[in-house]
>>> print(open('target_3.cif').read())   # mmCIF, C-alpha atoms
data_model
loop_
_atom_site.label_atom_id
_atom_site.label_comp_id
_atom_site.auth_asym_id
_atom_site.auth_seq_id
_atom_site.Cartn_x
_atom_site.Cartn_y
_atom_site.Cartn_z
CA ILE A 1 -31.02 -45.14 -34.05
CA PRO A 2 -32.57 -48.52 -35.01
CA ARG A 3 -34.29 -50.07 -31.99
CA GLY A 4 -32.36 -53.33 -32.18
CA GLN A 5 -29.05 -51.48 -32.37
CA LEU A 6 -29.90 -49.33 -29.34
CA GLU A 7 -31.01 -52.37 -27.37
CA GLU A 8 -27.77 -54.21 -28.13
CA PHE A 9 -25.69 -51.14 -27.21
CA LEU A 10 -27.44 -50.72 -23.84
CA SER A 11 -27.10 -54.43 -23.09
CA LYS A 12 -23.34 -54.35 -23.66
CA ILE A 13 -22.96 -51.40 -21.29
CA LEU A 14 -24.96 -53.16 -18.57
CA VAL A 15 -22.95 -56.36 -18.96
CA GLN A 16 -19.73 -54.43 -18.50
CA ALA A 17 -21.26 -52.74 -15.45
CA GLY A 18 -21.95 -56.12 -13.84
CA ALA A 19 -25.18 -57.67 -15.16
CA SER A 20 -25.37 -61.17 -16.60
CA PRO A 21 -25.93 -61.16 -20.39
CA SER A 22 -29.50 -62.49 -20.18
CA HIS A 23 -30.44 -60.00 -17.46
CA ALA A 24 -28.81 -57.14 -19.37
CA ASN A 25 -30.75 -58.06 -22.52
CA LEU A 26 -34.04 -57.89 -20.61
CA VAL A 27 -33.27 -54.53 -19.00
CA ALA A 28 -32.16 -53.11 -22.36
CA SER A 29 -35.46 -54.28 -23.87
CA VAL A 30 -37.37 -52.42 -21.13
CA LEU A 31 -35.39 -49.21 -21.68
CA THR A 32 -35.77 -49.22 -25.46
CA TYR A 33 -39.49 -49.99 -25.09
CA ALA A 34 -39.89 -46.69 -23.23
CA ASP A 35 -37.79 -44.69 -25.71
CA SER A 36 -39.65 -46.17 -28.67
CA ARG A 37 -43.00 -45.14 -27.15
CA GLY A 38 -41.94 -41.53 -26.60
CA ILE A 39 -41.31 -41.92 -22.86
CA PRO A 40 -37.69 -40.73 -22.49
CA SER A 41 -38.01 -40.42 -18.71
CA HIS A 42 -37.95 -44.23 -18.43
CA GLY A 43 -35.72 -45.05 -21.40
CA SER A 44 -31.99 -44.70 -22.05
CA ASN A 45 -32.05 -41.75 -19.65
CA ARG A 46 -31.99 -44.41 -16.90
CA ALA A 47 -28.94 -46.31 -18.20
CA ASP A 48 -26.30 -44.35 -16.29
CA LEU A 49 -28.01 -44.83 -12.92
CA TYR A 50 -28.56 -48.54 -13.59
CA ALA A 51 -24.88 -48.89 -14.52
CA ASN A 52 -23.79 -46.92 -11.44
CA GLU A 53 -25.90 -49.16 -9.19
CA LEU A 54 -24.36 -52.28 -10.69
CA SER A 55 -20.81 -50.95 -10.48
CA ALA A 56 -21.33 -49.88 -6.87
CA GLY A 57 -22.66 -53.33 -5.97
CA VAL A 58 -25.94 -52.03 -4.50
CA VAL A 59 -27.86 -54.07 -7.11
CA ASN A 60 -26.97 -57.69 -7.85
CA GLY A 61 -26.89 -57.92 -11.65
CA LYS A 62 -26.72 -61.71 -11.58
CA ALA A 63 -29.37 -62.47 -8.92
CA THR A 64 -32.21 -64.86 -9.75
CA PRO A 65 -35.59 -64.12 -8.12
CA VAL A 66 -37.69 -66.90 -6.55
CA ILE A 67 -41.37 -67.54 -5.88
CA GLU A 68 -41.37 -67.40 -2.11
CA GLN A 69 -45.01 -68.19 -1.47
CA GLN A 70 -48.01 -69.29 -3.54
CA SER A 71 -51.63 -69.99 -2.66
CA GLY A 72 -54.44 -70.27 -5.17
CA CYS A 73 -54.27 -67.33 -7.55
CA CYS A 74 -51.81 -65.42 -5.36
CA ALA A 75 -48.01 -65.45 -5.13
CA VAL A 76 -45.11 -63.58 -3.55
CA VAL A 77 -41.78 -63.14 -5.35
CA ASN A 78 -38.47 -62.37 -3.62
CA GLY A 79 -36.27 -60.38 -6.02
CA LYS A 80 -33.05 -61.19 -4.10
CA ASN A 81 -31.96 -57.55 -4.64
CA GLY A 82 -31.64 -58.24 -8.36
CA LEU A 83 -32.53 -56.02 -11.28
CA GLY A 84 -36.16 -54.92 -11.10
CA ALA A 85 -36.86 -56.05 -14.64
CA VAL A 86 -35.70 -59.59 -13.85
CA THR A 87 -37.92 -59.76 -10.76
CA SER A 88 -40.87 -58.39 -12.74
CA ASP A 89 -40.31 -60.87 -15.56
CA LEU A 90 -40.84 -63.80 -13.19
CA ALA A 91 -43.72 -62.08 -11.41
CA MET A 92 -45.72 -61.16 -14.51
CA ASN A 93 -45.17 -64.56 -16.14
CA THR A 94 -46.45 -66.13 -12.91
CA ALA A 95 -49.47 -63.81 -12.81
CA ILE A 96 -50.34 -64.71 -16.42
CA SER A 97 -50.11 -68.45 -15.66
CA LEU A 98 -52.29 -68.04 -12.56
CA ALA A 99 -54.87 -66.01 -14.50
CA LYS A 100 -55.10 -68.71 -17.16
CA GLU A 101 -55.70 -71.27 -14.41
CA HIS A 102 -57.90 -69.31 -12.00
CA GLY A 103 -59.21 -66.37 -14.04
CA VAL A 104 -57.16 -63.97 -11.92
CA GLY A 105 -53.46 -63.83 -11.08
CA PHE A 106 -52.23 -61.60 -8.26
CA VAL A 107 -48.48 -61.43 -7.59
CA VAL A 108 -46.53 -59.08 -5.32
CA CYS A 109 -42.76 -58.66 -5.02
CA HIS A 110 -40.25 -57.45 -2.45
CA MET A 111 -36.45 -57.08 -2.35
CA SER A 112 -36.53 -55.63 -5.88
CA ASN A 113 -35.21 -52.53 -7.66
CA HIS A 114 -36.42 -50.06 -10.30
CA TYR A 115 -38.46 -52.03 -12.86
CA GLY A 116 -38.63 -49.51 -15.72
CA ALA A 117 -41.79 -48.47 -17.53
CA ALA A 118 -44.89 -50.00 -15.92
CA GLY A 119 -46.47 -50.53 -19.33
CA TYR A 120 -43.79 -52.99 -20.42
CA TRP A 121 -45.16 -55.51 -17.93
CA ALA A 122 -48.84 -54.87 -18.60
CA GLN A 123 -48.06 -55.39 -22.31
CA ARG A 124 -47.09 -58.97 -21.48
CA ALA A 125 -50.64 -59.71 -20.37
CA LEU A 126 -52.08 -57.81 -23.33
CA ASP A 127 -50.05 -59.96 -25.73
CA ALA A 128 -51.75 -63.00 -24.19
CA GLY A 129 -55.23 -61.48 -24.68
CA LEU A 130 -55.55 -60.70 -20.96
CA ILE A 131 -56.10 -57.57 -18.86
CA GLY A 132 -52.84 -56.56 -17.21
CA MET A 133 -52.15 -54.25 -14.29
CA SER A 134 -48.73 -53.17 -13.09
CA PHE A 135 -47.79 -51.12 -10.03
CA THR A 136 -44.61 -50.26 -8.14
CA ASN A 137 -43.54 -48.11 -5.26
CA THR A 138 -40.48 -45.88 -5.65
CA SER A 139 -38.21 -43.80 -3.46
CA PRO A 140 -39.97 -40.83 -1.82
CA ILE A 141 -39.92 -37.83 -4.17
CA VAL A 142 -43.52 -36.59 -3.85
CA VAL A 143 -44.45 -34.05 -1.16
CA PRO A 144 -47.86 -35.05 0.26
CA THR A 145 -50.65 -32.51 0.39
CA GLY A 146 -50.10 -30.13 3.29
CA GLY A 147 -46.49 -31.23 3.79
CA LYS A 148 -43.00 -29.89 3.11
CA ALA A 149 -40.96 -33.11 2.93
CA ARG A 150 -41.04 -35.99 0.43
CA ALA A 151 -42.85 -39.00 1.80
CA VAL A 152 -44.21 -41.08 -1.11
CA GLY A 153 -42.94 -42.15 -4.51
CA THR A 154 -44.29 -41.44 -7.99
CA ASN A 155 -45.95 -44.87 -7.61
CA PRO A 156 -47.33 -45.60 -11.10
CA PHE A 157 -50.72 -47.11 -11.89
CA CYS A 158 -50.93 -49.08 -15.14
CA PHE A 159 -53.92 -50.84 -16.74
CA PHE A 160 -53.92 -52.43 -20.22
CA ALA A 161 -56.98 -54.16 -21.71
CA PRO A 162 -57.35 -55.95 -25.07
CA ALA A 163 -60.08 -54.92 -27.48
CA VAL A 164 -58.98 -57.62 -29.94
CA ARG A 165 -58.53 -61.12 -28.55
CA GLY A 166 -55.78 -63.60 -29.39
CA ASN A 167 -52.15 -64.31 -28.68
CA CYS A 168 -49.55 -62.13 -30.34
CA ASN A 169 -45.87 -62.45 -29.50
CA ASP A 170 -44.72 -60.24 -32.37
CA ARG A 171 -43.99 -56.87 -30.72
CA GLU A 172 -44.43 -54.92 -33.95
CA LYS A 173 -47.85 -56.40 -34.59
CA SER A 174 -48.92 -56.13 -30.96
CA SER A 175 -48.16 -52.41 -30.99
CA GLU A 176 -50.88 -52.00 -33.62
CA ARG A 177 -53.52 -54.07 -31.78
CA GLU A 178 -56.62 -52.24 -30.62
CA SER A 179 -56.37 -51.87 -26.86
CA PHE A 180 -56.78 -49.53 -23.90
CA GLN A 181 -53.40 -48.61 -22.39
CA LEU A 182 -53.32 -46.41 -19.28
CA ASP A 183 -49.86 -45.93 -17.76
CA MET A 184 -49.51 -42.99 -15.38
CA ALA A 185 -47.64 -41.78 -12.34
CA THR A 186 -49.64 -40.77 -9.27
CA SER A 187 -47.55 -37.58 -9.23
CA VAL A 188 -48.11 -34.74 -11.71
CA VAL A 189 -45.18 -36.16 -13.72
CA PRO A 190 -42.62 -38.91 -13.10
CA ILE A 191 -39.34 -37.62 -11.68
CA GLY A 192 -37.57 -38.81 -14.83
CA LYS A 193 -39.30 -36.02 -16.79
CA VAL A 194 -37.76 -33.47 -14.43
CA GLU A 195 -34.38 -35.07 -14.99
CA VAL A 196 -34.83 -34.94 -18.76
CA MET A 197 -35.59 -31.20 -18.49
CA HIS A 198 -32.38 -30.79 -16.49
CA ARG A 199 -30.38 -32.66 -19.15
CA LEU A 200 -31.89 -30.37 -21.79
CA GLY A 201 -31.12 -27.27 -19.73
CA LYS A 202 -34.77 -26.23 -19.59
CA ALA A 203 -37.05 -24.99 -16.81
CA CYS A 204 -39.93 -27.24 -15.79
CA PRO A 205 -43.50 -26.11 -16.43
CA GLU A 206 -45.35 -24.50 -13.53
CA GLY A 207 -47.11 -27.02 -11.35
CA TRP A 208 -44.67 -29.93 -11.63
CA GLY A 209 -42.87 -29.57 -8.33
CA VAL A 210 -41.87 -27.62 -5.26
CA ASP A 211 -38.65 -26.32 -3.73
CA ARG A 212 -37.17 -27.26 -0.33
CA GLU A 213 -39.75 -25.05 1.42
CA GLY A 214 -42.72 -26.68 -0.30
CA VAL A 215 -43.26 -23.67 -2.57
CA GLY A 216 -43.89 -24.19 -6.31
CA SER A 217 -40.71 -24.19 -8.42
CA THR A 218 -39.67 -24.56 -12.06
CA ASP A 219 -35.99 -25.29 -11.29
CA ALA A 220 -35.37 -28.91 -12.29
CA GLU A 221 -32.33 -29.35 -10.06
CA GLU A 222 -34.06 -27.79 -7.06
CA ILE A 223 -37.12 -30.03 -7.50
CA CYS A 224 -35.08 -33.17 -7.96
CA ARG A 225 -32.38 -32.71 -5.34
CA ARG A 226 -33.96 -30.64 -2.57
CA GLY A 227 -37.68 -30.19 -3.15
CA GLY A 228 -40.07 -32.70 -4.64
CA LEU A 229 -42.98 -33.33 -6.97
CA TYR A 230 -46.62 -32.43 -6.55
CA PRO A 231 -49.02 -35.38 -6.28
CA LEU A 232 -51.37 -35.83 -9.24
CA GLY A 233 -53.74 -32.86 -9.15
CA GLY A 234 -51.10 -30.44 -7.86
CA ALA A 235 -51.66 -28.27 -4.82
CA GLU A 236 -54.45 -28.78 -2.29
CA GLU A 237 -56.73 -26.22 -3.95
CA THR A 238 -56.59 -28.22 -7.20
CA ALA A 239 -57.31 -31.55 -5.45
CA GLY A 240 -53.74 -32.85 -5.14
CA TYR A 241 -54.93 -34.89 -2.15
CA LYS A 242 -56.52 -37.30 -4.66
CA GLY A 243 -53.16 -38.07 -6.25
CA TYR A 244 -51.62 -38.40 -2.80
CA GLY A 245 -54.34 -40.92 -1.87
CA LEU A 246 -53.73 -42.90 -5.07
CA ALA A 247 -49.99 -43.01 -4.30
CA MET A 248 -50.75 -44.53 -0.90
CA PHE A 249 -53.12 -47.01 -2.56
CA VAL A 250 -50.28 -48.20 -4.82
CA GLU A 251 -47.90 -48.34 -1.83
CA ILE A 252 -50.31 -50.61 0.04
CA LEU A 253 -50.61 -53.00 -2.93
CA CYS A 254 -46.88 -53.10 -3.60
CA SER A 255 -45.20 -52.83 -0.22
CA VAL A 256 -47.61 -53.34 2.65
CA LEU A 257 -48.84 -56.58 1.04
CA SER A 258 -45.39 -57.84 0.06
CA GLY A 259 -43.31 -56.78 3.05
CA ALA A 260 -41.12 -54.40 1.01
CA ALA A 261 -39.87 -51.04 2.32
CA ILE A 262 -42.76 -48.61 2.79
CA GLY A 263 -43.23 -44.89 2.08
CA PRO A 264 -40.88 -42.62 4.03
CA SER A 265 -38.72 -45.61 5.04
CA VAL A 266 -37.67 -46.30 1.41
CA GLN A 267 -34.11 -45.13 0.78
CA PRO A 268 -33.38 -42.40 -1.77
CA TRP A 269 -32.59 -43.77 -5.23
CA LEU A 270 -28.85 -43.16 -5.07
CA ALA A 271 -26.01 -45.38 -6.24
CA SER A 272 -24.22 -44.34 -3.04
CA ARG A 273 -26.94 -45.78 -0.78
CA GLU A 274 -26.22 -48.39 1.84
CA GLY A 275 -27.91 -51.78 1.64
CA HIS A 276 -30.97 -52.90 -0.29
CA ILE A 277 -33.51 -50.37 -1.50
CA ASP A 278 -36.21 -53.08 -1.31
CA TYR A 279 -38.79 -51.80 -3.79
CA GLY A 280 -42.14 -53.57 -3.98
CA HIS A 281 -44.19 -54.34 -7.12
CA CYS A 282 -47.68 -55.67 -7.78
CA PHE A 283 -49.00 -57.41 -10.90
CA ILE A 284 -52.64 -58.30 -11.45
CA VAL A 285 -53.85 -60.21 -14.51
CA ILE A 286 -57.51 -60.91 -15.34
CA ASP A 287 -58.90 -63.23 -18.01
CA PRO A 288 -61.92 -61.36 -19.46
CA ALA A 289 -63.18 -64.64 -20.96
CA ARG A 290 -64.20 -65.69 -17.44
CA PHE A 291 -66.82 -62.92 -17.41
CA THR A 292 -69.66 -61.91 -19.75
CA SER A 293 -68.71 -62.85 -23.31
CA GLY A 294 -67.94 -60.12 -25.85
CA PHE A 295 -65.60 -58.02 -23.70
CA ASP A 296 -63.27 -57.20 -26.57
CA GLU A 297 -66.10 -56.11 -28.89
CA ARG A 298 -67.69 -53.94 -26.20
CA LEU A 299 -64.38 -52.31 -25.36
CA SER A 300 -63.66 -51.68 -29.02
CA SER A 301 -67.09 -50.04 -29.47
CA TYR A 302 -66.57 -47.93 -26.34
CA MET A 303 -63.21 -46.64 -27.58
CA LYS A 304 -64.64 -45.93 -31.03
CA ALA A 305 -67.40 -43.87 -29.43
CA MET A 306 -64.86 -41.87 -27.41
CA ARG A 307 -62.64 -41.20 -30.42
CA SER A 308 -65.71 -40.06 -32.37
CA LEU A 309 -66.50 -37.25 -29.94
CA PRO A 310 -66.22 -33.66 -31.21
CA GLY A 311 -62.69 -32.30 -31.12
CA ASN A 312 -59.56 -34.45 -31.05
CA VAL A 313 -60.16 -37.16 -28.46
CA ASN A 314 -57.56 -39.90 -28.01
CA ILE A 315 -57.71 -43.09 -25.98
CA PRO A 316 -54.98 -43.68 -23.38
CA GLY A 317 -52.15 -45.37 -25.29
CA ASP A 318 -52.90 -43.85 -28.71
CA PRO A 319 -49.93 -41.42 -28.73
CA GLU A 320 -47.54 -44.09 -27.47
CA ARG A 321 -48.65 -46.60 -30.10
CA ALA A 322 -48.07 -44.02 -32.82
CA PHE A 323 -44.54 -43.38 -31.49
CA GLU A 324 -43.85 -47.11 -31.33
CA ILE A 325 -44.96 -47.79 -34.90
CA ASP A 326 -42.80 -44.89 -36.12
CA ALA A 327 -39.81 -46.20 -34.11
CA TYR A 328 -40.04 -49.58 -35.82
CA LYS A 329 -40.04 -47.94 -39.22
CA ASN A 330 -37.62 -45.05 -38.71
CA GLY A 331 -35.65 -45.75 -35.54
CA VAL A 332 -35.79 -44.61 -31.92
CA ILE A 333 -35.39 -40.88 -31.21
CA LEU A 334 -32.98 -39.89 -28.42
CA HIS A 335 -32.37 -36.37 -27.12
CA ASN A 336 -28.76 -35.34 -27.85
CA PRO A 337 -27.82 -34.93 -24.15
CA VAL A 338 -29.09 -38.47 -23.45
CA ALA A 339 -27.12 -39.79 -26.43
CA ALA A 340 -24.05 -37.96 -25.11
CA THR A 341 -24.47 -39.65 -21.73
CA LEU A 342 -24.63 -43.06 -23.41
CA LYS A 343 -21.51 -42.25 -25.40
CA ASN A 344 -19.69 -41.37 -22.18
CA LEU A 345 -20.91 -44.60 -20.57
CA ALA A 346 -19.60 -46.58 -23.53
CA LYS A 347 -16.17 -44.98 -23.14
CA ARG A 348 -16.19 -45.66 -19.41
CA TYR A 349 -17.05 -49.33 -19.87
CA GLU A 350 -14.99 -49.77 -23.06
CA VAL A 351 -17.98 -50.65 -25.23
CA GLU A 352 -17.94 -50.06 -28.98
CA ILE A 353 -19.91 -46.92 -29.86
CA PRO A 354 -22.48 -47.21 -32.70
CA LEU A 355 -21.94 -45.04 -35.77
CA ALA A 356 -25.16 -43.16 -35.02
CA PHE A 357 -23.36 -41.58 -32.03
CA GLU A 358 -20.26 -40.59 -33.99
CA ASN A 359 -21.02 -36.84 -34.18
CA ILE A 360 -22.52 -36.52 -30.69
CA ASP A 361 -20.66 -33.97 -28.56
CA VAL A 362 -20.03 -35.59 -25.17
CA SER A 363 -19.51 -32.21 -23.52
CA ILE A 364 -23.29 -31.71 -23.43
CA SER A 365 -23.69 -34.82 -21.27
CA LYS A 366 -25.01 -34.34 -17.75
CA LYS A 367 -24.76 -36.90 -14.98
CA SER A 368 -27.97 -38.18 -13.43
CA LEU A 369 -29.19 -35.95 -10.63
CA TYR A 370 -29.71 -39.17 -8.67
CA ALA A 371 -26.13 -40.29 -9.25
CA ARG A 372 -25.00 -37.08 -7.55
#
>>> encode(input="target_3.cif", output="structure tokens")
Amino acid sequence: IPRGQLEEFLSKILVQAGASPSHANLVASVLTYADSRGIPSHGSNRADLYANELSAGVVNGKATPVIEQQSGCCAVVNGKNGLGAVTSDLAMNTAISLAKEHGVGFVVCHMSNHYGAAGYWAQRALDAGLIGMSFTNTSPIVVPTGGKARAVGTNPFCFFAPAVRGNCNDREKSSERESFQLDMATSVVPIGKVEVMHRLGKACPEGWGVDREGVGSTDAEEICRRGGLYPLGGAEETAGYKGYGLAMFVEILCSVLSGAAIGPSVQPWLASREGHIDYGHCFIVIDPARFTSGFDERLSSYMKAMRSLPGNVNIPGDPERAFEIDAYKNGVILHNPVAATLKNLAKRYEVEIPLAFENIDVSISKKSLYAR
């Protein structure tokens, strides 16, 4: 489906679910960004849970975040329990402005919700020729090393750096710019990948998660609803304690600094929850021009050297850029079960269904494991 058409379709669904048009447009942009980069775990797969949260009133789709505190290059944003993308939009724009003024911008958020793909926000800094970092805590779904119960989130770590300087607001052109783009969960995989496997009716690969007893499992539903994910590195014997430590590092930046809900005290990501989920985010932006000149050239040379190594060596972000360029030319690829879920959402909210969905069989749709 053409990216613009998918974005418009998602926005209409979110408006009907309770978001303001401008907020819905932003969230739809975040979701289609993920789908277009080959990251279905954070794309349209998330639309049904977002819509359920809005309909249930646990997320305020019309809330406007505010800068609660600012000092020097630092700021704190209160999301007012609004959509995570709306909170992050203000926070990253503030971090970019502070970095241009001070060389570094450091902004944390509280009272927010799921903010989508971490890379969407780091890309904002990259488009301005700056280094961008994006972090968030999430609901506990990772079982810490040596434990049996979930206690930390998938807590992503994202770092984008420009190898070619200059401003570029054209998304198509920016996707082709030379840059380093690391966007990763601190768990073996994000929980959305497990949910995608469930929608596809497939078993998860060995090493993704554990069952309710803390024993390795390949059952997507068991991992998602009763067990949990391994931290990055897997079990203790394969150094999973390193991923667990990184998850706590992200939690400290996002929640301990901002005053958001922390670790085991964060509610499960359910539309049936009571009260605010209170996610925390952190955005750091650095202006490389404030340091030794020639950063972009050195980074470009470094990446060229890595790609030139024997074998088939990619740089973080290479596969996603290739997906994104293809999506602009040929359209965004959706798994049929995800498309079926969107078609069902459209019927539920009385939104016109695009022709691309005409032959999709809605019987293959599966509700979000979170929604249940």
>>> closest_residue(input="target_3.cif", among="A:Ala261, A:Leu334, A:Val351, A:Leu345", to="Ile1 in chain A", atoms="only C-alpha atoms")
A:Leu334
>>> residues_around(input="target_3.cif", residues="Ser300 in chain A", least_positions_apart="4", cutoff="8 Å", atoms="all atoms listed in the file", output="list in words")
Ala163, Val164, Glu178, Ser179, Asp296 and Lys304 of chain A
>>> write_last_selection(input="target_3.cif", atoms="C-alpha atoms", output="PDB file, in the coordinates of the input")
ATOM      1  CA  ALA A 163     -60.080 -54.920 -27.480  1.00  0.00           C
ATOM      2  CA  VAL A 164     -58.980 -57.620 -29.940  1.00  0.00           C
ATOM      3  CA  GLU A 178     -56.620 -52.240 -30.620  1.00  0.00           C
ATOM      4  CA  SER A 179     -56.370 -51.870 -26.860  1.00  0.00           C
ATOM      5  CA  ASP A 296     -63.270 -57.200 -26.570  1.00  0.00           C
ATOM      6  CA  LYS A 304     -64.640 -45.930 -31.030  1.00  0.00           C
TER       7      LYS A 304
END
>>> closest_atom_pairs(input="target_3.cif", of="range 231-302 of chain A", to="range 354-368 of chain A", cutoff="12 Å", atoms="all atoms listed in the file", output="tab-separated table")
residue	atom	partner	partner_atom	distance
A:Trp269	CA	A:Ser368	CA	10.9
A:Leu270	CA	A:Ser368	CA	9.8
A:Ala271	CA	A:Ser368	CA	10.4
>>> write_last_selection(input="target_3.cif", atoms="C-alpha atoms", output="PDB file, in the frame of the given file")
ATOM      1  CA  TRP A 269     -32.590 -43.770  -5.230  1.00  0.00           C
ATOM      2  CA  LEU A 270     -28.850 -43.160  -5.070  1.00  0.00           C
ATOM      3  CA  ALA A 271     -26.010 -45.380  -6.240  1.00  0.00           C
TER       4      ALA A 271
END
>>> closest_residue(input="target_3.cif", among="A:Leu49, A:Ala34, A:Met133, A:Leu253", to="Glu320 in chain A", atoms="all atoms listed in the file")
A:Ala34
>>> resolve_selection(input="target_3.cif", expression="the PyMOL selection byres ((chain A and resi 41) around 10)", output="list in words")
Leu31, Ala34, Asp35, Gly38, Ile39, Pro40, His42, Gly43, Ser44, Asn45, Arg46, Gly116, Ala117, Val189, Pro190, Ile191, Gly192, Lys193, Val194, Glu195, Val196 and Met197 of chain A
>>> closest_residue(input="target_3.cif", among="A:Gly245, A:Gly129, A:Gly79, A:Pro337", to="Ala99 in chain A", atoms="only C-alpha atoms")
A:Gly129
>>> atom_distance(input="target_3.cif", atom1="CA of Pro2 in chain A", atom2="CA of Gly201 in chain A")
26.2 Å
>>> atom_distance(input="target_3.cif", atom1="CA of Arg3 in chain A", atom2="CA of Asn344 in chain A")
19.6 Å
>>> resolve_selection(input="target_3.cif", expression="the PyMOL selection byres ((chain A and resi 288) around 10)", output="tab-separated table (two decimals) with C-alpha atoms, keeping the file's coordinate frame")
chain	number	residue	atom	x	y	z
A	99	ALA	CA	-54.87	-66.01	-14.50
A	103	GLY	CA	-59.21	-66.37	-14.04
A	104	VAL	CA	-57.16	-63.97	-11.92
A	129	GLY	CA	-55.23	-61.48	-24.68
A	130	LEU	CA	-55.55	-60.70	-20.96
A	131	ILE	CA	-56.10	-57.57	-18.86
A	161	ALA	CA	-56.98	-54.16	-21.71
A	162	PRO	CA	-57.35	-55.95	-25.07
A	165	ARG	CA	-58.53	-61.12	-28.55
A	285	VAL	CA	-53.85	-60.21	-14.51
A	286	ILE	CA	-57.51	-60.91	-15.34
A	287	ASP	CA	-58.90	-63.23	-18.01
A	289	ALA	CA	-63.18	-64.64	-20.96
A	290	ARG	CA	-64.20	-65.69	-17.44
A	291	PHE	CA	-66.82	-62.92	-17.41
A	292	THR	CA	-69.66	-61.91	-19.75
A	293	SER	CA	-68.71	-62.85	-23.31
A	294	GLY	CA	-67.94	-60.12	-25.85
A	295	PHE	CA	-65.60	-58.02	-23.70
A	296	ASP	CA	-63.27	-57.20	-26.57
>>> decode(input="target_3.cif", residues="range 79-96 of chain A", atoms="N, CA and C atoms", output="CSV table (one decimal), in the first residue's frame")
chain,number,residue,atom,x,y,z
A,79,GLY,N,3.9,14.9,29.9
A,79,GLY,CA,3.1,14.5,28.7
A,79,GLY,C,1.6,14.6,29.0
A,80,LYS,N,1.2,14.9,30.2
A,80,LYS,CA,-0.2,15.1,30.5
A,80,LYS,C,-1.1,13.8,30.1
A,81,ASN,N,-0.4,12.7,30.2
A,81,ASN,CA,-1.1,11.4,29.8
A,81,ASN,C,-1.6,11.4,28.4
A,82,GLY,N,-0.9,12.2,27.5
A,82,GLY,CA,-1.3,12.2,26.1
A,82,GLY,C,-0.6,11.1,25.3
A,83,LEU,N,-0.8,11.1,24.0
A,83,LEU,CA,-0.1,10.1,23.2
A,83,LEU,C,1.4,10.3,23.2
A,84,GLY,N,2.1,9.2,23.3
A,84,GLY,CA,3.6,9.3,23.5
A,84,GLY,C,4.2,10.0,22.3
A,85,ALA,N,3.7,9.9,21.1
A,85,ALA,CA,4.3,10.6,20.0
A,85,ALA,C,4.2,12.1,20.1
A,86,VAL,N,3.1,12.5,20.7
A,86,VAL,CA,2.9,14.0,20.9
A,86,VAL,C,3.9,14.5,21.9
A,87,THR,N,4.0,13.8,23.0
A,87,THR,CA,5.0,14.2,24.0
A,87,THR,C,6.4,14.2,23.5
A,88,SER,N,6.7,13.2,22.7
A,88,SER,CA,8.1,13.1,22.2
A,88,SER,C,8.4,14.1,21.1
A,89,ASP,N,7.4,14.5,20.4
A,89,ASP,CA,7.5,15.6,19.4
A,89,ASP,C,8.0,16.9,20.1
A,90,LEU,N,7.3,17.3,21.1
A,90,LEU,CA,7.8,18.5,21.9
A,90,LEU,C,9.1,18.3,22.5
A,91,ALA,N,9.4,17.1,23.0
A,91,ALA,CA,10.7,16.9,23.7
A,91,ALA,C,11.8,16.9,22.8
A,92,MET,N,11.7,16.2,21.6
A,92,MET,CA,12.8,16.2,20.7
A,92,MET,C,13.1,17.5,20.0
A,93,ASN,N,12.0,18.2,19.7
A,93,ASN,CA,12.2,19.6,19.1
A,93,ASN,C,12.9,20.5,20.2
A,94,THR,N,12.5,20.3,21.4
A,94,THR,CA,13.2,21.1,22.5
A,94,THR,C,14.7,20.7,22.6
A,95,ALA,N,15.0,19.4,22.5
A,95,ALA,CA,16.4,19.0,22.6
A,95,ALA,C,17.2,19.5,21.5
A,96,ILE,N,16.6,19.5,20.3
A,96,ILE,CA,17.3,20.1,19.1
A,96,ILE,C,17.6,21.5,19.3
